[in-house]
file model32.csv (CSV, C-alpha atoms)
chain,number,residue,atom,x,y,z
B,23,MET,CA,-7.1,20.7,3.2
B,24,VAL,CA,-4.5,17.9,3.6
B,25,ALA,CA,-2.6,17.3,0.4
B,26,LYS,CA,-3.3,14.0,-1.4
B,27,ARG,CA,-0.3,11.6,-1.7
B,28,ILE,CA,1.0,9.7,-4.7
B,29,ILE,CA,2.7,6.5,-3.7
B,30,PRO,CA,4.6,4.0,-5.9
B,31,CYS,CA,4.4,0.5,-4.7
B,32,LEU,CA,7.3,-1.9,-5.1
B,33,ASP,CA,6.3,-5.6,-4.8
B,34,VAL,CA,9.4,-7.4,-3.9
B,35,LYS,CA,10.1,-11.1,-4.5
B,36,ASP,CA,13.6,-12.7,-3.9
B,37,GLY,CA,15.1,-9.2,-3.7
B,38,ARG,CA,13.7,-8.0,-7.0
B,39,VAL,CA,10.7,-5.8,-7.8
B,40,VAL,CA,8.0,-7.7,-9.7
B,41,LYS,CA,4.6,-6.9,-11.1
B,42,GLY,CA,1.7,-9.2,-12.0
B,43,VAL,CA,-2.1,-9.2,-12.6
B,44,ARG,CA,-4.3,-10.1,-9.6
B,45,PHE,CA,-1.3,-11.3,-7.6
B,46,ALA,CA,-0.2,-13.7,-10.4
B,47,ASN,CA,1.9,-14.0,-13.5
B,48,LEU,CA,4.8,-12.0,-12.0
B,49,ARG,CA,7.5,-10.4,-14.1
B,50,ASP,CA,10.7,-8.6,-13.2
B,51,ALA,CA,10.6,-4.8,-12.9
B,52,GLY,CA,14.0,-3.9,-11.5
B,53,ASP,CA,16.1,-3.4,-8.4
B,54,PRO,CA,14.1,-2.1,-5.4
B,55,VAL,CA,16.7,0.4,-4.1
B,56,GLU,CA,17.4,1.8,-7.6
B,57,LEU,CA,13.7,2.2,-8.2
B,58,ALA,CA,13.2,3.8,-4.8
B,59,ALA,CA,16.0,6.4,-5.5
B,60,PHE,CA,14.4,7.1,-8.9
B,61,TYR,CA,11.0,7.7,-7.3
B,62,ASP,CA,12.4,9.9,-4.6
B,63,LYS,CA,13.8,12.2,-7.4
B,64,ALA,CA,10.6,11.8,-9.5
B,65,GLY,CA,8.3,13.5,-7.0
B,66,ALA,CA,6.8,10.6,-5.1
B,67,ASP,CA,5.4,11.5,-1.7
B,68,GLU,CA,6.1,8.1,-0.1
B,69,LEU,CA,7.0,4.6,-1.1
B,70,VAL,CA,5.6,1.2,-0.2
B,71,PHE,CA,7.7,-2.0,-0.3
B,72,LEU,CA,5.7,-5.2,-0.1
B,73,ASP,CA,7.6,-8.6,0.2
B,74,ILE,CA,4.6,-10.3,-1.5
B,75,THR,CA,5.5,-13.9,-0.6
B,76,ALA,CA,6.9,-13.4,2.9
B,77,SER,CA,3.7,-14.3,4.8
B,78,PHE,CA,3.0,-17.3,2.6
B,79,GLU,CA,6.5,-18.7,2.7
B,80,GLY,CA,7.1,-17.9,6.4
B,81,ARG,CA,10.0,-15.6,5.7
B,82,GLU,CA,10.9,-12.3,7.4
B,83,THR,CA,11.0,-9.1,5.4
B,84,MET,CA,14.3,-8.1,3.9
B,85,VAL,CA,16.0,-5.8,6.4
B,86,ASP,CA,19.0,-5.3,4.1
B,87,VAL,CA,16.8,-3.7,1.5
B,88,VAL,CA,15.4,-1.4,4.2
B,89,ARG,CA,18.9,-0.3,5.2
B,90,ARG,CA,20.0,0.4,1.7
B,91,THR,CA,16.8,2.2,0.8
B,92,ALA,CA,17.1,4.4,3.9
B,93,LYS,CA,20.5,5.6,2.7
B,94,ALA,CA,19.2,6.3,-0.8
B,95,VAL,CA,15.9,8.2,-0.3
B,96,PHE,CA,14.6,11.1,1.7
B,97,ILE,CA,10.9,10.5,1.5
B,98,PRO,CA,9.0,8.2,4.0
B,99,PHE,CA,8.6,4.6,3.1
B,100,ILE,CA,6.5,1.7,4.4
B,101,ILE,CA,7.6,-1.9,4.6
B,102,GLY,CA,5.2,-4.9,4.6
B,103,GLY,CA,5.3,-8.6,4.3
B,104,GLY,CA,6.0,-11.3,6.8
B,105,ILE,CA,6.1,-8.9,9.8
B,106,GLY,CA,4.5,-10.7,12.7
B,107,THR,CA,6.1,-9.7,16.0
B,108,ILE,CA,7.0,-6.6,17.9
B,109,ASP,CA,10.7,-7.5,17.5
B,110,GLN,CA,10.3,-7.6,13.7
B,111,ILE,CA,8.5,-4.2,13.7
B,112,ARG,CA,11.3,-2.8,15.8
B,113,ASN,CA,14.0,-4.2,13.5
B,114,ILE,CA,12.3,-2.8,10.4
B,115,LEU,CA,11.9,0.7,12.0
B,116,LYS,CA,15.4,0.6,13.4
B,117,ALA,CA,16.8,-0.3,9.9
B,118,GLY,CA,15.3,3.0,8.6
B,119,ALA,CA,11.7,2.4,7.6
B,120,ASP,CA,9.1,5.0,8.7
B,121,LYS,CA,6.1,2.7,8.9
B,122,VAL,CA,5.3,-1.0,8.8
B,123,SER,CA,2.4,-2.6,7.1
B,124,LEU,CA,0.6,-5.5,8.7
B,125,ASN,CA,-1.8,-7.8,6.9
B,126,THR,CA,-1.8,-11.5,7.6
B,127,SER,CA,-0.4,-11.0,11.1
B,128,ALA,CA,-3.0,-8.3,11.9
B,129,VAL,CA,-5.8,-10.7,11.1
B,130,GLU,CA,-4.3,-13.6,13.0
B,131,SER,CA,-3.1,-11.6,16.0
B,132,PRO,CA,-5.1,-8.3,16.2
B,133,GLY,CA,-3.3,-7.5,19.5
B,134,LEU,CA,-0.2,-6.8,17.4
B,135,ILE,CA,-1.8,-3.7,16.0
B,136,SER,CA,-2.6,-2.2,19.4
B,137,GLU,CA,0.7,-3.3,21.0
B,138,GLY,CA,2.7,-1.9,18.0
B,139,ALA,CA,0.7,1.4,18.2
B,140,ARG,CA,1.4,1.7,21.9
B,141,ILE,CA,5.1,1.0,21.6
B,142,PHE,CA,6.0,2.8,18.4
B,143,GLY,CA,3.1,5.2,17.9
B,144,ARG,CA,0.0,4.7,15.7
B,145,GLN,CA,1.6,6.7,12.9
B,146,CYS,CA,4.0,3.8,12.4
B,147,ILE,CA,1.3,1.1,12.1
B,148,VAL,CA,-0.4,0.6,8.7
B,149,VAL,CA,-2.8,-2.2,8.3
B,150,ALA,CA,-3.0,-3.6,4.7
B,151,ILE,CA,-6.4,-5.0,3.7
B,152,ASP,CA,-6.6,-7.1,0.5
B,153,ALA,CA,-10.3,-7.2,-0.4
B,154,LEU,CA,-12.2,-9.3,-3.0
B,155,TRP,CA,-15.9,-8.8,-3.8
B,156,ASN,CA,-18.0,-11.7,-2.6
B,157,ALA,CA,-21.2,-11.8,-4.7
B,158,GLU,CA,-23.0,-14.3,-2.4
B,159,LYS,CA,-22.4,-12.0,0.7
B,160,GLY,CA,-22.8,-8.8,-1.2
B,161,ASP,CA,-19.7,-7.5,0.5
B,162,TRP,CA,-15.9,-7.3,0.1
B,163,GLU,CA,-14.1,-10.1,1.9
B,164,VAL,CA,-10.6,-9.8,3.5
B,165,TYR,CA,-7.9,-12.1,2.2
B,166,THR,CA,-4.5,-12.9,3.7
B,167,HIS,CA,-1.3,-14.7,2.8
B,168,GLY,CA,-0.8,-12.7,-0.3
B,169,GLY,CA,-4.3,-13.0,-1.5
B,170,ARG,CA,-4.4,-16.7,-1.1
B,171,LYS,CA,-6.6,-17.2,1.9
B,172,ALA,CA,-10.2,-16.1,2.5
B,173,THR,CA,-11.0,-15.0,6.0
B,174,GLY,CA,-14.7,-14.5,6.0
B,175,LEU,CA,-14.2,-11.0,7.4
B,176,SER,CA,-15.9,-8.0,5.9
B,177,ALA,CA,-13.3,-5.5,4.6
B,178,VAL,CA,-15.4,-2.5,5.7
B,179,GLU,CA,-16.0,-3.9,9.2
B,180,TRP,CA,-12.4,-5.0,9.5
B,181,ALA,CA,-11.2,-1.5,8.6
B,182,ALA,CA,-13.3,0.0,11.4
B,183,ARG,CA,-11.9,-2.6,13.8
B,184,VAL,CA,-8.2,-1.9,13.0
B,185,GLU,CA,-8.8,1.8,13.5
B,186,GLU,CA,-10.2,1.0,17.0
B,187,LEU,CA,-7.2,-1.2,17.7
B,188,GLY,CA,-4.8,1.7,16.9
B,189,ALA,CA,-3.8,1.5,13.3
B,190,GLY,CA,-2.8,4.9,11.9
B,191,GLU,CA,-3.5,4.2,8.3
B,192,ILE,CA,-5.1,1.6,6.0
B,193,LEU,CA,-3.6,0.3,2.8
B,194,LEU,CA,-6.6,-0.9,0.8
B,195,THR,CA,-6.1,-3.1,-2.2
B,196,SER,CA,-8.9,-4.3,-4.4
B,197,MET,CA,-8.0,-7.7,-5.6
B,198,ASN,CA,-10.7,-7.4,-8.3
B,199,ALA,CA,-9.0,-4.4,-9.8
B,200,ASP,CA,-5.4,-5.2,-9.1
B,201,GLY,CA,-3.2,-5.1,-12.2
B,202,GLY,CA,-6.1,-4.6,-14.6
B,203,ARG,CA,-5.5,-0.9,-15.2
B,204,ASP,CA,-9.3,-0.4,-15.6
B,205,GLY,CA,-9.5,2.0,-12.6
B,206,PHE,CA,-9.5,1.9,-8.8
B,207,ASP,CA,-12.4,0.2,-7.1
B,208,ILE,CA,-14.4,3.4,-6.3
B,209,PRO,CA,-17.2,1.7,-4.3
B,210,LEU,CA,-14.8,-0.2,-2.1
B,211,ASN,CA,-12.6,2.8,-1.4
B,212,LYS,CA,-15.5,5.1,-0.7
B,213,ALA,CA,-17.2,2.6,1.6
B,214,VAL,CA,-14.0,2.2,3.7
B,215,ALA,CA,-13.1,5.9,3.7
B,216,GLU,CA,-16.6,6.8,4.9
B,217,ARG,CA,-16.4,4.3,7.7
B,218,VAL,CA,-13.0,5.3,9.2
B,219,ASP,CA,-11.4,8.6,10.3
B,220,ILE,CA,-7.8,7.4,9.6
B,221,PRO,CA,-6.2,7.9,6.1
B,222,VAL,CA,-6.9,5.3,3.4
B,223,ILE,CA,-4.4,4.5,0.7
B,224,ALA,CA,-6.2,3.3,-2.4
B,225,SER,CA,-4.4,0.4,-4.3
B,226,GLY,CA,-5.2,-1.7,-7.3
B,227,GLY,CA,-6.3,-0.8,-10.8
B,228,ALA,CA,-4.5,2.4,-11.8
B,229,GLY,CA,-4.3,2.8,-15.5
B,230,SER,CA,-4.7,6.5,-16.3
B,231,MET,CA,-4.4,9.9,-14.7
B,232,GLU,CA,-8.2,10.1,-14.6
B,233,HIS,CA,-8.3,7.1,-12.4
B,234,PHE,CA,-6.2,8.8,-9.8
B,235,ALA,CA,-8.3,11.9,-9.8
B,236,GLN,CA,-11.5,9.8,-9.5
B,237,VAL,CA,-10.3,7.7,-6.5
B,238,LEU,CA,-8.9,10.8,-4.7
B,239,THR,CA,-12.2,12.7,-5.1
B,240,GLU,CA,-15.2,10.4,-5.7
B,241,GLY,CA,-13.5,7.5,-3.9
B,242,LYS,CA,-12.5,9.7,-1.0
B,243,ALA,CA,-9.0,8.2,-0.7
B,244,ASP,CA,-6.3,10.1,1.1
B,245,ALA,CA,-3.6,8.7,-1.1
B,246,ALA,CA,-3.3,6.6,-4.3
B,247,LEU,CA,-0.8,3.9,-4.8
B,248,ALA,CA,0.2,2.2,-8.1
B,249,ALA,CA,3.0,0.0,-9.4
B,250,SER,CA,3.2,-0.9,-13.1
B,251,VAL,CA,2.0,2.4,-14.6
B,252,PHE,CA,5.0,4.0,-12.7
B,253,HIS,CA,7.5,1.2,-13.2
B,254,TYR,CA,7.0,1.1,-16.9
B,255,ARG,CA,6.8,4.9,-17.3
B,256,HIS,CA,3.2,4.9,-18.6
B,257,ILE,CA,2.6,7.8,-16.1
B,258,GLU,CA,5.2,10.2,-14.8
B,259,ILE,CA,4.5,11.3,-11.3
B,260,ARG,CA,5.2,15.1,-11.8
B,261,GLU,CA,2.9,15.1,-14.8
B,262,LEU,CA,0.3,13.3,-12.8
B,263,LYS,CA,0.5,15.8,-10.0
B,264,LYS,CA,0.1,18.7,-12.5
B,265,TYR,CA,-3.0,17.0,-13.9
B,266,LEU,CA,-4.4,16.5,-10.4
B,267,GLN,CA,-3.9,20.2,-9.6
B,268,GLN,CA,-5.8,21.1,-12.8
B,269,GLN,CA,-8.6,18.9,-11.5
B,270,GLY,CA,-8.7,20.7,-8.2
B,271,VAL,CA,-6.9,18.1,-6.2
B,272,GLU,CA,-4.4,19.4,-3.7
B,273,VAL,CA,-1.0,17.7,-4.0
B,274,ARG,CA,2.5,18.5,-3.0
B,275,MET,CA,4.7,19.5,-6.0
B,276,ASN,CA,7.9,18.3,-4.4

call {"tool": "encode", "arguments": {"input": "model32.csv", "output": "structure tokens"}}
result
Amino acid sequence: MVAKRIIPCLDVKDGRVVKGVRFANLRDAGDPVELAAFYDKAGADELVFLDITASFEGRETMVDVVRRTAKAVFIPFIIGGGIGTIDQIRNILKAGADKVSLNTSAVESPGLISEGARIFGRQCIVVAIDALWNAEKGDWEVYTHGGRKATGLSAVEWAARVEELGAGEILLTSMNADGGRDGFDIPLNKAVAERVDIPVIASGGAGSMEHFAQVLTEGKADAALAASVFHYRHIEIRELKKYLQQQGVEVRMN
């Protein structure tokens, strides 16, 4: 059995970590490199940095933060936000990131997924999917540009498509659950995880240790990502891992 991963997410805006509710009402949560170093020592398995306004404002992701983080941590980390070309992927990986996360660019230029996987290896290419339940369609719809633009795409079908294109992993965020701390979107995560064979990182809604256990078992996620519950010390990662072990979930006690 492959160990489940616990991944803190650092949403970065203007060089600072921020956190909001459903992609809005952002407040400062600290320096990204300092937080990354803290989580490295706190037992995190990986880190995700998302430059949350990069696609919307047309900016490139912060290469300087990547370089400084690579010197400060020993665990793998993923960079996303505003990455839209092979050269940008190369620059991010060359600066020290282990993987890149593509969201808006993946939808607008699906060939970037396959080309990136061919050049750098599919293990380096993560596709982020921001999904919002559409009651009229009875399905989850994919949003881009930091959750601002509806695409009409089914999240489950898009997940299957990006796997075909060569993505090595999916970062799945429930916009309905994001920031609410009421639990991960179990139906969404289960639906996607059952449709694809690549790992699914569940994101959005973590509020308690029980929520992590639920999404890693019933939700069939391979990893669980959270931000505010870690940033504001509501949950300590090592304590979470001990709890998960007690629930029969295999984790790395690093």

call {"tool": "atom_distance", "arguments": {"input": "model32.csv", "atom1": "CA of Gly229 (chain B)", "atom2": "CA of Leu262 (chain B)"}}
result
11.8 Å

call {"tool": "atom_distance", "arguments": {"input": "model32.csv", "atom1": "CA of Ser225 (chain B)", "atom2": "CA of Ala243 (chain B)"}}
result
9.7 Å

call {"tool": "residues_around", "arguments": {"input": "model32.csv", "residues": "Met197 (chain B)", "least_positions_apart": "5", "cutoff": "12 Å", "atoms": "all atoms listed in the file", "output": "number ranges by chain"}}
result
B: 42-46, 151-156, 162-166, 168-170, 172, 177, 202, 206-207, 210, 224-227

call {"tool": "residues_around", "arguments": {"input": "model32.csv", "residues": "Glu68 (chain B)", "least_positions_apart": "4", "cutoff": "12 Å", "atoms": "only C-alpha atoms", "output": "MDAnalysis selection string"}}
result
chainID B and resid 26:32 58:59 61:64 95:101 119:121 223 245:248 259 274 276

call {"tool": "closest_residue", "arguments": {"input": "model32.csv", "among": "B:Ile114, B:Ala199, B:Ala235, B:Leu187", "to": "Val273 (chain B)", "atoms": "only C-alpha atoms"}}
result
B:Ala235

call {"tool": "closest_residue", "arguments": {"input": "model32.csv", "among": "B:Gln145, B:Asn125, B:Ser230, B:Asn198", "to": "Arg255 (chain B)", "atoms": "all atoms listed in the file"}}
result
B:Ser230

call {"tool": "atom_distance", "arguments": {"input": "model32.csv", "atom1": "CA of Arg112 (chain B)", "atom2": "CA of Asp67 (chain B)"}}
result
23.4 Å

call {"tool": "closest_residue", "arguments": {"input": "model32.csv", "among": "B:Asp109, B:Glu130, B:Glu158, B:Asp200", "to": "Thr173 (chain B)", "atoms": "all atoms listed in the file"}}
result
B:Glu130

call {"tool": "residues_around", "arguments": {"input": "model32.csv", "residues": "Val271 (chain B)", "least_positions_apart": "3", "cutoff": "12 Å", "atoms": "only C-alpha atoms", "output": "ChimeraX atom specification"}}
result
/B:23-28,232,234-240,242-245,262-268,274-275

call {"tool": "closest_residue", "arguments": {"input": "model32.csv", "among": "B:Ser250, B:Val218, B:Lys116, B:Glu272", "to": "Val39 (chain B)", "atoms": "all atoms listed in the file"}}
result
B:Ser250

call {"tool": "closest_residue", "arguments": {"input": "model32.csv", "among": "B:Thr107, B:Asn211, B:Thr126, B:Gln269", "to": "His167 (chain B)", "atoms": "all atoms listed in the file"}}
result
B:Thr126

call {"tool": "closest_residue", "arguments": {"input": "model32.csv", "among": "B:Arg144, B:Lys212, B:Arg217, B:Arg90", "to": "Ala182 (chain B)", "atoms": "only C-alpha atoms"}}
result
B:Arg217

call {"tool": "residues_around", "arguments": {"input": "model32.csv", "residues": "Ser127 (chain B)", "least_positions_apart": "4", "cutoff": "7 Å", "atoms": "only C-alpha atoms", "output": "PyMOL selection string"}}
result
chain B and resi 105-106+131

call {"tool": "residues_around", "arguments": {"input": "model32.csv", "residues": "region 53-57 of chain B", "least_positions_apart": "3", "cutoff": "6 Å", "atoms": "all atoms listed in the file", "output": "CSV table (one decimal) with C-alpha atoms, keeping the file's coordinate frame"}}
result
chain,number,residue,atom,x,y,z
B,38,ARG,CA,13.7,-8.0,-7.0
B,39,VAL,CA,10.7,-5.8,-7.8
B,60,PHE,CA,14.4,7.1,-8.9
B,91,THR,CA,16.8,2.2,0.8

call {"tool": "decode", "arguments": {"input": "model32.csv", "residues": "region 76-154 of chain B", "atoms": "C-alpha atoms", "output": "PDB file, in the first residue's frame"}}
result
ATOM      1  CA  ALA B  76      -0.832  34.938 -11.664  1.00  0.00           C
ATOM      2  CA  SER B  77      -3.150  33.612 -14.390  1.00  0.00           C
ATOM      3  CA  PHE B  78      -5.722  36.343 -13.845  1.00  0.00           C
ATOM      4  CA  GLU B  79      -3.218  39.192 -13.900  1.00  0.00           C
ATOM      5  CA  GLY B  80      -1.042  37.680 -16.621  1.00  0.00           C
ATOM      6  CA  ARG B  81       2.078  37.453 -14.437  1.00  0.00           C
ATOM      7  CA  GLU B  82       4.663  34.716 -14.337  1.00  0.00           C
ATOM      8  CA  THR B  83       5.206  32.692 -11.183  1.00  0.00           C
ATOM      9  CA  MET B  84       7.792  33.905  -8.717  1.00  0.00           C
ATOM     10  CA  VAL B  85      11.057  32.189  -9.650  1.00  0.00           C
ATOM     11  CA  ASP B  86      12.901  33.900  -6.797  1.00  0.00           C
ATOM     12  CA  VAL B  87      10.632  32.259  -4.216  1.00  0.00           C
ATOM     13  CA  VAL B  88      11.327  28.901  -5.862  1.00  0.00           C
ATOM     14  CA  ARG B  89      15.093  29.360  -5.633  1.00  0.00           C
ATOM     15  CA  ARG B  90      14.978  30.407  -1.990  1.00  0.00           C
ATOM     16  CA  THR B  91      12.614  27.586  -1.088  1.00  0.00           C
ATOM     17  CA  ALA B  92      14.816  24.984  -2.790  1.00  0.00           C
ATOM     18  CA  LYS B  93      17.658  26.030  -0.493  1.00  0.00           C
ATOM     19  CA  ALA B  94      15.455  25.897   2.603  1.00  0.00           C
ATOM     20  CA  VAL B  95      13.589  22.579   2.284  1.00  0.00           C
ATOM     21  CA  PHE B  96      14.345  18.941   1.558  1.00  0.00           C
ATOM     22  CA  ILE B  97      10.841  17.709   0.727  1.00  0.00           C
ATOM     23  CA  PRO B  98       9.376  17.903  -2.805  1.00  0.00           C
ATOM     24  CA  PHE B  99       7.396  20.998  -3.744  1.00  0.00           C
ATOM     25  CA  ILE B 100       5.000  21.949  -6.503  1.00  0.00           C
ATOM     26  CA  ILE B 101       4.671  25.401  -8.072  1.00  0.00           C
ATOM     27  CA  GLY B 102       1.537  26.627  -9.822  1.00  0.00           C
ATOM     28  CA  GLY B 103       0.091  29.858 -11.115  1.00  0.00           C
ATOM     29  CA  GLY B 104       0.662  31.622 -14.401  1.00  0.00           C
ATOM     30  CA  ILE B 105       2.726  28.820 -15.951  1.00  0.00           C
ATOM     31  CA  GLY B 106       1.770  28.698 -19.606  1.00  0.00           C
ATOM     32  CA  THR B 107       4.802  27.736 -21.694  1.00  0.00           C
ATOM     33  CA  ILE B 108       7.471  25.042 -21.870  1.00  0.00           C
ATOM     34  CA  ASP B 109      10.116  27.680 -21.123  1.00  0.00           C
ATOM     35  CA  GLN B 110       8.272  28.690 -17.948  1.00  0.00           C
ATOM     36  CA  ILE B 111       8.025  25.062 -16.868  1.00  0.00           C
ATOM     37  CA  ARG B 112      11.740  24.643 -17.530  1.00  0.00           C
ATOM     38  CA  ASN B 113      12.594  27.784 -15.543  1.00  0.00           C
ATOM     39  CA  ILE B 114      10.531  26.683 -12.552  1.00  0.00           C
ATOM     40  CA  LEU B 115      12.040  23.190 -12.512  1.00  0.00           C
ATOM     41  CA  LYS B 116      15.537  24.568 -13.083  1.00  0.00           C
ATOM     42  CA  ALA B 117      15.072  26.942 -10.137  1.00  0.00           C
ATOM     43  CA  GLY B 118      14.486  23.932  -7.881  1.00  0.00           C
ATOM     44  CA  ALA B 119      10.825  22.923  -7.966  1.00  0.00           C
ATOM     45  CA  ASP B 120      10.042  19.209  -8.297  1.00  0.00           C
ATOM     46  CA  LYS B 121       6.742  19.612 -10.147  1.00  0.00           C
ATOM     47  CA  VAL B 122       4.649  22.291 -11.811  1.00  0.00           C
ATOM     48  CA  SER B 123       0.901  22.679 -11.550  1.00  0.00           C
ATOM     49  CA  LEU B 124      -1.037  23.719 -14.655  1.00  0.00           C
ATOM     50  CA  ASN B 125      -4.626  24.936 -14.449  1.00  0.00           C
ATOM     51  CA  THR B 126      -5.768  27.742 -16.762  1.00  0.00           C
ATOM     52  CA  SER B 127      -3.043  26.983 -19.306  1.00  0.00           C
ATOM     53  CA  ALA B 128      -3.970  23.294 -19.338  1.00  0.00           C
ATOM     54  CA  VAL B 129      -7.552  24.108 -20.296  1.00  0.00           C
ATOM     55  CA  GLU B 130      -6.606  26.722 -22.864  1.00  0.00           C
ATOM     56  CA  SER B 131      -3.687  24.744 -24.346  1.00  0.00           C
ATOM     57  CA  PRO B 132      -4.090  21.015 -23.563  1.00  0.00           C
ATOM     58  CA  GLY B 133      -1.055  20.266 -25.694  1.00  0.00           C
ATOM     59  CA  LEU B 134       1.081  21.861 -22.995  1.00  0.00           C
ATOM     60  CA  ILE B 135       0.294  18.860 -20.757  1.00  0.00           C
ATOM     61  CA  SER B 136       1.489  16.287 -23.264  1.00  0.00           C
ATOM     62  CA  GLU B 137       4.489  18.323 -24.371  1.00  0.00           C
ATOM     63  CA  GLY B 138       5.517  18.995 -20.770  1.00  0.00           C
ATOM     64  CA  ALA B 139       5.176  15.312 -19.887  1.00  0.00           C
ATOM     65  CA  ARG B 140       7.229  14.308 -22.927  1.00  0.00           C
ATOM     66  CA  ILE B 141      10.070  16.741 -22.208  1.00  0.00           C
ATOM     67  CA  PHE B 142      10.250  16.658 -18.409  1.00  0.00           C
ATOM     68  CA  GLY B 143       8.498  13.397 -17.511  1.00  0.00           C
ATOM     69  CA  ARG B 144       4.866  13.015 -16.481  1.00  0.00           C
ATOM     70  CA  GLN B 145       5.880  12.922 -12.809  1.00  0.00           C
ATOM     71  CA  CYS B 146       6.686  16.648 -13.132  1.00  0.00           C
ATOM     72  CA  ILE B 147       3.277  17.630 -14.542  1.00  0.00           C
ATOM     73  CA  VAL B 148       0.387  18.172 -12.145  1.00  0.00           C
ATOM     74  CA  VAL B 149      -2.936  19.431 -13.471  1.00  0.00           C
ATOM     75  CA  ALA B 150      -4.937  21.502 -11.001  1.00  0.00           C
ATOM     76  CA  ILE B 151      -8.702  21.319 -11.347  1.00  0.00           C
ATOM     77  CA  ASP B 152     -10.903  23.888  -9.583  1.00  0.00           C
ATOM     78  CA  ALA B 153     -14.411  22.436  -9.546  1.00  0.00           C
ATOM     79  CA  LEU B 154     -17.759  23.966  -8.592  1.00  0.00           C
TER      80      LEU B 154
END
